[in-house]
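Peer 1: Here's a structure for you.
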Amino acid sequence: MKPSKKTLAINQLIHQTFGVDREKSIRSDVCALCGKPAIEFEDELSRKEFSISGMCQSCQDKAFREE
């Protein structure tokens, strides 16, 4: 998948904070948080979120779940 555009500063901050290259993870279809394959999504909005954050469906569910 093609990663969404971010500034160099934002990509560097993400890399420094999480130790992950967000763009590389997205291009490789691997979750930037858990490292598992990110190939199946519930809907187009979740797929778009992956291109932004690099989070797989499971990590998105955990991050955005309403309690």
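Labeling convention for the structure tokens: chains A, B, ... as they appear, residues from 1 per chain, ligands from 1 in order of appearance.
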Within chain A, find each residue whose DSSP state, derived from the backbone, is alpha helix (DSSP H), and express the selection as a PyMOL selection string.

Peer 2: chain A and resi 8-18+22-27+44-53+57-64

Peer 1: Residues near region 29-43 of chain A, anyone? I mean within 12 Å using only C-alpha atoms, not counting same-chain ones fewer than 3 positions away, as number ranges by chain.

Peer 2: A: 1-3, 14-15, 17-26, 46-63
